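Have a look at structure.cif below; it lists mmCIF, all heavy atoms.
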data_start
loop_
_atom_site.label_atom_id
_atom_site.label_comp_id
_atom_site.auth_asym_id
_atom_site.auth_seq_id
_atom_site.Cartn_x
_atom_site.Cartn_y
_atom_site.Cartn_z
N MET R 1 -8.31 -22.25 9.72
CA MET R 1 -6.99 -22.28 9.12
C MET R 1 -6.98 -21.37 7.88
O MET R 1 -7.92 -21.36 7.11
CB MET R 1 -6.63 -23.71 8.74
CG MET R 1 -5.22 -23.87 8.33
SD MET R 1 -4.86 -25.64 8.32
CE MET R 1 -3.32 -25.59 7.53
N ALA R 2 -5.93 -20.59 7.74
CA ALA R 2 -5.84 -19.66 6.62
C ALA R 2 -5.57 -20.40 5.32
O ALA R 2 -4.79 -21.34 5.28
CB ALA R 2 -4.73 -18.66 6.88
N THR R 3 -6.24 -19.93 4.31
CA THR R 3 -6.01 -20.52 2.99
C THR R 3 -4.90 -19.77 2.28
O THR R 3 -4.44 -18.72 2.73
CB THR R 3 -7.30 -20.43 2.14
OG1 THR R 3 -7.59 -19.04 1.92
CG2 THR R 3 -8.47 -21.09 2.85
N ASP R 4 -4.48 -20.32 1.15
CA ASP R 4 -3.45 -19.64 0.36
C ASP R 4 -3.94 -18.26 -0.08
O ASP R 4 -3.17 -17.31 -0.13
CB ASP R 4 -3.08 -20.47 -0.87
CG ASP R 4 -2.24 -21.70 -0.51
OD1 ASP R 4 -1.69 -21.72 0.61
OD2 ASP R 4 -2.15 -22.61 -1.34
N ARG R 5 -5.22 -18.17 -0.41
CA ARG R 5 -5.78 -16.89 -0.84
C ARG R 5 -5.74 -15.88 0.30
O ARG R 5 -5.40 -14.72 0.09
CB ARG R 5 -7.21 -17.10 -1.33
CG ARG R 5 -7.86 -15.80 -1.79
CD ARG R 5 -9.23 -16.02 -2.34
NE ARG R 5 -9.08 -16.52 -3.70
CZ ARG R 5 -10.07 -17.02 -4.41
NH1 ARG R 5 -11.28 -17.13 -3.89
NH2 ARG R 5 -9.88 -17.43 -5.65
N ASP R 6 -6.06 -16.32 1.52
CA ASP R 6 -6.00 -15.43 2.69
C ASP R 6 -4.56 -14.98 2.94
O ASP R 6 -4.31 -13.81 3.23
CB ASP R 6 -6.53 -16.13 3.94
CG ASP R 6 -8.03 -16.41 3.88
OD1 ASP R 6 -8.73 -15.71 3.11
OD2 ASP R 6 -8.48 -17.32 4.60
N ALA R 7 -3.63 -15.91 2.83
CA ALA R 7 -2.22 -15.59 3.07
C ALA R 7 -1.72 -14.59 2.02
O ALA R 7 -1.00 -13.66 2.34
CB ALA R 7 -1.38 -16.86 3.05
N GLU R 8 -2.11 -14.79 0.76
CA GLU R 8 -1.69 -13.87 -0.30
C GLU R 8 -2.31 -12.48 -0.09
O GLU R 8 -1.64 -11.47 -0.29
CB GLU R 8 -2.06 -14.41 -1.68
CG GLU R 8 -1.60 -13.55 -2.82
CD GLU R 8 -0.11 -13.24 -2.81
OE1 GLU R 8 0.69 -14.13 -2.47
OE2 GLU R 8 0.25 -12.09 -3.15
N ALA R 9 -3.55 -12.42 0.33
CA ALA R 9 -4.20 -11.13 0.59
C ALA R 9 -3.51 -10.42 1.76
O ALA R 9 -3.28 -9.20 1.70
CB ALA R 9 -5.68 -11.34 0.90
N ALA R 10 -3.15 -11.16 2.79
CA ALA R 10 -2.44 -10.57 3.93
C ALA R 10 -1.06 -10.07 3.50
O ALA R 10 -0.63 -8.98 3.89
CB ALA R 10 -2.33 -11.59 5.06
N ALA R 11 -0.37 -10.85 2.69
CA ALA R 11 0.96 -10.44 2.21
C ALA R 11 0.86 -9.19 1.35
O ALA R 11 1.68 -8.28 1.46
CB ALA R 11 1.60 -11.59 1.42
N GLN R 12 -0.16 -9.12 0.51
CA GLN R 12 -0.35 -7.94 -0.33
C GLN R 12 -0.65 -6.71 0.53
O GLN R 12 -0.11 -5.63 0.28
CB GLN R 12 -1.49 -8.17 -1.33
CG GLN R 12 -1.75 -6.99 -2.25
CD GLN R 12 -0.56 -6.66 -3.13
OE1 GLN R 12 0.22 -7.55 -3.51
NE2 GLN R 12 -0.41 -5.39 -3.46
N ALA R 13 -1.47 -6.87 1.55
CA ALA R 13 -1.79 -5.75 2.44
C ALA R 13 -0.53 -5.28 3.16
O ALA R 13 -0.31 -4.06 3.31
CB ALA R 13 -2.86 -6.17 3.44
N LEU R 14 0.32 -6.21 3.57
CA LEU R 14 1.59 -5.83 4.22
C LEU R 14 2.52 -5.10 3.27
O LEU R 14 3.18 -4.13 3.64
CB LEU R 14 2.27 -7.07 4.80
CG LEU R 14 1.64 -7.65 6.06
CD1 LEU R 14 2.31 -8.97 6.41
CD2 LEU R 14 1.74 -6.68 7.21
N ARG R 15 2.57 -5.56 2.02
CA ARG R 15 3.41 -4.88 1.03
C ARG R 15 2.92 -3.45 0.80
O ARG R 15 3.73 -2.51 0.72
CB ARG R 15 3.43 -5.65 -0.29
CG ARG R 15 4.30 -6.89 -0.26
CD ARG R 15 4.49 -7.49 -1.65
NE ARG R 15 3.27 -8.04 -2.19
CZ ARG R 15 2.85 -9.30 -2.01
NH1 ARG R 15 3.58 -10.14 -1.29
NH2 ARG R 15 1.73 -9.71 -2.55
N GLU R 16 1.62 -3.27 0.73
CA GLU R 16 1.06 -1.93 0.53
C GLU R 16 1.34 -1.04 1.74
O GLU R 16 1.69 0.13 1.58
CB GLU R 16 -0.43 -2.02 0.25
CG GLU R 16 -0.74 -2.63 -1.10
CD GLU R 16 -2.21 -2.97 -1.29
OE1 GLU R 16 -3.02 -2.70 -0.38
OE2 GLU R 16 -2.55 -3.52 -2.37
N ASP R 17 1.18 -1.59 2.93
CA ASP R 17 1.50 -0.83 4.15
C ASP R 17 2.97 -0.43 4.15
O ASP R 17 3.33 0.70 4.50
CB ASP R 17 1.20 -1.64 5.41
CG ASP R 17 -0.29 -1.75 5.70
OD1 ASP R 17 -1.08 -1.00 5.08
OD2 ASP R 17 -0.65 -2.58 6.56
N ASN R 18 3.83 -1.37 3.77
CA ASN R 18 5.27 -1.11 3.73
C ASN R 18 5.59 0.00 2.72
O ASN R 18 6.39 0.90 3.01
CB ASN R 18 6.02 -2.38 3.37
CG ASN R 18 7.51 -2.22 3.49
OD1 ASN R 18 8.01 -1.64 4.45
ND2 ASN R 18 8.23 -2.72 2.50
N ASP R 19 4.96 -0.05 1.56
CA ASP R 19 5.18 0.99 0.55
C ASP R 19 4.74 2.36 1.06
O ASP R 19 5.45 3.35 0.86
CB ASP R 19 4.43 0.65 -0.74
CG ASP R 19 5.00 -0.55 -1.48
OD1 ASP R 19 6.16 -0.94 -1.18
OD2 ASP R 19 4.30 -1.09 -2.35
N ARG R 20 3.58 2.43 1.71
CA ARG R 20 3.11 3.71 2.26
C ARG R 20 4.06 4.22 3.34
O ARG R 20 4.36 5.41 3.39
CB ARG R 20 1.69 3.56 2.82
CG ARG R 20 0.62 3.59 1.75
CD ARG R 20 -0.77 3.67 2.35
NE ARG R 20 -1.12 2.50 3.13
CZ ARG R 20 -1.70 1.41 2.63
NH1 ARG R 20 -1.99 1.34 1.35
NH2 ARG R 20 -1.98 0.39 3.41
N LEU R 21 4.53 3.33 4.19
CA LEU R 21 5.45 3.72 5.25
C LEU R 21 6.77 4.22 4.67
O LEU R 21 7.30 5.24 5.11
CB LEU R 21 5.69 2.55 6.21
CG LEU R 21 6.61 2.82 7.39
CD1 LEU R 21 6.09 3.96 8.24
CD2 LEU R 21 6.79 1.57 8.22
N ARG R 22 7.30 3.52 3.68
CA ARG R 22 8.55 3.95 3.04
C ARG R 22 8.39 5.34 2.44
O ARG R 22 9.28 6.19 2.55
CB ARG R 22 8.97 2.97 1.95
CG ARG R 22 9.59 1.71 2.46
CD ARG R 22 9.93 0.79 1.27
NE ARG R 22 10.46 -0.46 1.73
CZ ARG R 22 11.76 -0.70 1.88
NH1 ARG R 22 12.62 0.24 1.63
NH2 ARG R 22 12.16 -1.87 2.31
N GLU R 23 7.27 5.59 1.77
CA GLU R 23 7.04 6.90 1.16
C GLU R 23 6.93 7.98 2.24
O GLU R 23 7.50 9.07 2.09
CB GLU R 23 5.78 6.87 0.30
CG GLU R 23 5.48 8.20 -0.35
CD GLU R 23 6.57 8.72 -1.28
OE1 GLU R 23 7.33 7.90 -1.84
OE2 GLU R 23 6.67 9.94 -1.46
N ARG R 24 6.24 7.67 3.31
CA ARG R 24 6.09 8.66 4.39
C ARG R 24 7.44 8.99 5.02
O ARG R 24 7.75 10.16 5.28
CB ARG R 24 5.13 8.10 5.45
CG ARG R 24 4.83 9.06 6.55
CD ARG R 24 3.77 8.50 7.46
NE ARG R 24 3.55 9.39 8.57
CZ ARG R 24 2.75 9.13 9.57
NH1 ARG R 24 2.06 8.01 9.58
NH2 ARG R 24 2.59 9.98 10.55
N VAL R 25 8.25 8.00 5.26
CA VAL R 25 9.59 8.22 5.83
C VAL R 25 10.44 9.01 4.85
O VAL R 25 11.16 9.93 5.24
CB VAL R 25 10.25 6.88 6.21
CG1 VAL R 25 11.73 7.07 6.52
CG2 VAL R 25 9.53 6.24 7.39
N ALA R 26 10.36 8.69 3.57
CA ALA R 26 11.15 9.42 2.57
C ALA R 26 10.75 10.90 2.56
O ALA R 26 11.62 11.77 2.48
CB ALA R 26 10.95 8.80 1.19
N VAL R 27 9.46 11.19 2.65
CA VAL R 27 9.00 12.58 2.67
C VAL R 27 9.51 13.28 3.92
O VAL R 27 10.00 14.41 3.86
CB VAL R 27 7.46 12.64 2.59
CG1 VAL R 27 6.95 14.05 2.92
CG2 VAL R 27 6.99 12.21 1.21
N GLU R 28 9.42 12.60 5.06
CA GLU R 28 9.91 13.20 6.31
C GLU R 28 11.40 13.49 6.24
O GLU R 28 11.87 14.54 6.68
CB GLU R 28 9.61 12.28 7.50
CG GLU R 28 8.15 12.12 7.82
CD GLU R 28 7.54 13.37 8.40
OE1 GLU R 28 8.26 14.11 9.11
OE2 GLU R 28 6.37 13.61 8.15
N LEU R 29 12.16 12.55 5.69
CA LEU R 29 13.61 12.74 5.58
C LEU R 29 13.95 13.88 4.62
O LEU R 29 14.83 14.70 4.90
CB LEU R 29 14.29 11.45 5.12
CG LEU R 29 14.33 10.34 6.16
CD1 LEU R 29 14.89 9.07 5.54
CD2 LEU R 29 15.15 10.75 7.36
N ARG R 30 13.24 13.95 3.49
CA ARG R 30 13.48 15.06 2.55
C ARG R 30 13.15 16.39 3.19
O ARG R 30 13.88 17.37 3.03
CB ARG R 30 12.66 14.88 1.27
CG ARG R 30 13.24 13.85 0.32
CD ARG R 30 12.59 13.91 -1.04
NE ARG R 30 11.15 13.74 -1.00
CZ ARG R 30 10.52 12.60 -1.19
NH1 ARG R 30 11.21 11.50 -1.44
NH2 ARG R 30 9.22 12.54 -1.15
N THR R 31 12.05 16.45 3.92
CA THR R 31 11.64 17.69 4.58
C THR R 31 12.67 18.10 5.61
O THR R 31 13.06 19.28 5.69
CB THR R 31 10.26 17.50 5.25
OG1 THR R 31 9.31 17.13 4.25
CG2 THR R 31 9.81 18.76 5.95
N GLU R 32 13.13 17.17 6.41
CA GLU R 32 14.13 17.48 7.43
C GLU R 32 15.45 17.90 6.80
O GLU R 32 16.09 18.86 7.24
CB GLU R 32 14.33 16.28 8.35
CG GLU R 32 15.30 16.50 9.48
CD GLU R 32 14.87 17.54 10.50
OE1 GLU R 32 13.69 17.94 10.50
OE2 GLU R 32 15.73 17.97 11.30
N LEU R 33 15.86 17.22 5.76
CA LEU R 33 17.09 17.59 5.08
C LEU R 33 16.98 18.99 4.47
O LEU R 33 17.90 19.80 4.61
CB LEU R 33 17.42 16.57 3.99
CG LEU R 33 18.72 16.82 3.21
CD1 LEU R 33 19.93 16.79 4.15
CD2 LEU R 33 18.86 15.80 2.11
N ASP R 34 15.86 19.27 3.85
CA ASP R 34 15.65 20.61 3.29
C ASP R 34 15.69 21.66 4.39
O ASP R 34 16.27 22.73 4.23
CB ASP R 34 14.32 20.70 2.56
CG ASP R 34 14.31 19.95 1.25
OD1 ASP R 34 15.40 19.57 0.77
OD2 ASP R 34 13.21 19.73 0.71
N ARG R 35 15.07 21.37 5.52
CA ARG R 35 15.05 22.32 6.63
C ARG R 35 16.46 22.58 7.15
O ARG R 35 16.83 23.72 7.41
CB ARG R 35 14.18 21.79 7.77
CG ARG R 35 14.00 22.78 8.91
CD ARG R 35 13.25 22.17 10.07
NE ARG R 35 14.02 21.17 10.78
CZ ARG R 35 15.00 21.44 11.65
NH1 ARG R 35 15.34 22.67 11.91
NH2 ARG R 35 15.65 20.47 12.26
N ARG R 36 17.25 21.53 7.24
CA ARG R 36 18.60 21.69 7.79
C ARG R 36 19.58 22.32 6.81
O ARG R 36 20.58 22.87 7.22
CB ARG R 36 19.15 20.33 8.24
CG ARG R 36 18.45 19.81 9.47
CD ARG R 36 18.99 18.46 9.86
NE ARG R 36 18.30 17.95 11.02
CZ ARG R 36 18.90 17.66 12.16
NH1 ARG R 36 20.20 17.81 12.28
NH2 ARG R 36 18.21 17.20 13.17
N THR R 37 19.32 22.21 5.52
CA THR R 37 20.26 22.74 4.54
C THR R 37 19.80 24.06 3.93
O THR R 37 20.51 24.63 3.12
CB THR R 37 20.51 21.72 3.42
OG1 THR R 37 19.27 21.39 2.79
CG2 THR R 37 21.17 20.47 3.97
N ASP R 38 18.64 24.56 4.30
CA ASP R 38 18.13 25.82 3.75
C ASP R 38 18.81 26.97 4.47
O ASP R 38 18.45 27.32 5.58
CB ASP R 38 16.62 25.88 3.91
CG ASP R 38 16.04 27.15 3.31
OD1 ASP R 38 16.80 27.93 2.70
OD2 ASP R 38 14.83 27.36 3.46
N SER R 39 19.80 27.56 3.82
CA SER R 39 20.57 28.62 4.47
C SER R 39 19.80 29.92 4.57
O SER R 39 20.21 30.82 5.30
CB SER R 39 21.89 28.84 3.72
OG SER R 39 21.61 29.27 2.40
N THR R 40 18.69 30.05 3.87
CA THR R 40 17.94 31.31 3.93
C THR R 40 17.20 31.46 5.25
O THR R 40 16.82 32.58 5.60
CB THR R 40 16.93 31.41 2.77
OG1 THR R 40 15.98 30.35 2.89
CG2 THR R 40 17.63 31.36 1.43
N THR R 41 16.98 30.38 5.96
CA THR R 41 16.22 30.48 7.20
C THR R 41 17.11 30.48 8.44
O THR R 41 16.63 30.68 9.53
CB THR R 41 15.21 29.32 7.34
OG1 THR R 41 15.93 28.09 7.30
CG2 THR R 41 14.20 29.36 6.20
N HIS R 42 18.41 30.24 8.26
CA HIS R 42 19.31 30.23 9.41
C HIS R 42 19.63 31.65 9.80
O HIS R 42 20.01 32.47 8.98
CB HIS R 42 20.59 29.46 9.10
CG HIS R 42 20.36 28.01 8.86
ND1 HIS R 42 21.31 27.19 8.38
CD2 HIS R 42 19.28 27.22 9.04
CE1 HIS R 42 20.84 25.97 8.26
NE2 HIS R 42 19.60 25.98 8.65
N ARG R 43 19.48 31.93 11.06
CA ARG R 43 19.78 33.26 11.56
C ARG R 43 20.89 33.16 12.59
O ARG R 43 20.93 32.24 13.38
CB ARG R 43 18.55 33.89 12.19
CG ARG R 43 17.42 34.10 11.19
CD ARG R 43 16.27 34.76 11.81
NE ARG R 43 16.67 36.10 12.23
CZ ARG R 43 15.85 36.99 12.73
NH1 ARG R 43 14.59 36.70 12.89
NH2 ARG R 43 16.27 38.18 13.10
N SER R 44 21.71 34.14 12.57
CA SER R 44 22.78 34.19 13.56
C SER R 44 22.18 34.52 14.91
O SER R 44 21.25 35.32 15.01
CB SER R 44 23.77 35.28 13.16
OG SER R 44 24.69 35.50 14.22
N PRO R 45 22.73 33.94 15.99
CA PRO R 45 22.23 34.30 17.31
C PRO R 45 22.58 35.75 17.66
O PRO R 45 21.97 36.34 18.53
CB PRO R 45 22.93 33.32 18.26
CG PRO R 45 24.04 32.73 17.47
CD PRO R 45 23.72 32.89 16.01
N VAL R 46 23.56 36.32 16.97
CA VAL R 46 23.92 37.71 17.20
C VAL R 46 23.13 38.56 16.21
O VAL R 46 23.31 38.46 15.01
CB VAL R 46 25.44 37.93 16.98
CG1 VAL R 46 25.80 39.40 17.16
CG2 VAL R 46 26.24 37.06 17.92
N ARG R 47 22.22 39.37 16.73
CA ARG R 47 21.36 40.18 15.87
C ARG R 47 22.14 41.30 15.20
O ARG R 47 21.92 41.60 14.04
CB ARG R 47 20.20 40.78 16.67
CG ARG R 47 19.38 39.75 17.39
CD ARG R 47 18.27 39.29 16.52
NE ARG R 47 17.43 38.37 17.30
CZ ARG R 47 16.81 37.37 16.77
NH1 ARG R 47 16.91 37.14 15.51
NH2 ARG R 47 16.10 36.59 17.51
N SER R 48 23.03 41.93 15.91
CA SER R 48 23.83 42.98 15.32
C SER R 48 25.10 43.13 16.16
O SER R 48 25.15 42.75 17.32
CB SER R 48 23.07 44.31 15.29
OG SER R 48 22.76 44.70 16.61
N LEU R 49 26.09 43.68 15.54
CA LEU R 49 27.35 43.90 16.25
C LEU R 49 27.21 45.11 17.17
O LEU R 49 26.51 46.08 16.83
CB LEU R 49 28.48 44.12 15.25
CG LEU R 49 28.81 42.93 14.38
CD1 LEU R 49 29.85 43.32 13.32
CD2 LEU R 49 29.34 41.78 15.21
N PRO R 50 27.86 45.07 18.32
CA PRO R 50 27.79 46.22 19.22
C PRO R 50 28.45 47.44 18.57
O PRO R 50 29.41 47.30 17.83
CB PRO R 50 28.53 45.77 20.46
CG PRO R 50 29.22 44.51 20.10
CD PRO R 50 28.65 43.97 18.84
N THR R 51 27.91 48.58 18.83
CA THR R 51 28.48 49.82 18.31
C THR R 51 29.04 50.61 19.47
O THR R 51 28.61 50.48 20.61
CB THR R 51 27.40 50.65 17.59
OG1 THR R 51 26.36 50.93 18.51
CG2 THR R 51 26.87 49.91 16.39
N ARG R 52 30.01 51.43 19.15
CA ARG R 52 30.60 52.28 20.20
C ARG R 52 29.67 53.47 20.46
O ARG R 52 29.21 54.11 19.51
CB ARG R 52 31.96 52.80 19.78
CG ARG R 52 32.97 51.70 19.74
CD ARG R 52 34.33 52.25 19.54
NE ARG R 52 35.27 51.15 19.70
CZ ARG R 52 36.54 51.33 19.87
NH1 ARG R 52 37.05 52.54 19.89
NH2 ARG R 52 37.33 50.31 20.01
N ALA R 53 29.46 53.75 21.70
CA ALA R 53 28.58 54.86 22.05
C ALA R 53 29.37 56.14 22.24
O ALA R 53 30.52 56.17 22.52
CB ALA R 53 27.81 54.54 23.33
#

Whole structure, structure tokens version:
Amino acid sequence: MATDRDAEAAAQALREDNDRLRERVAVELRTELDRRTDSTTHRSPVRSLPTRA
């Protein structure tokens, strides 16, 4: 049977895991948002306008 000390250690480990997961998700979201809003990397599918020959 788990003691109070075991339960508190398990709860602390879960809190730490949760904090690491939250930070990882926040980094991923910031990276994705930066990627989607960085206008310097967006290229038009049209490389150049046609010219008359």

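When atom CB of Arg35 of chain R is paired with atom C of Arg20 of chain R, their separation reads 20.8 Å.
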
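Our summary of the geometry notes that atom CA of Thr31 of chain R is positioned 27.3 Å from atom CG of Leu14 of chain R.
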
For atom O of Thr37 of chain R and atom CD1 of Leu21 of chain R, the interatomic separation in Å (one decimal) = 25.7 Å
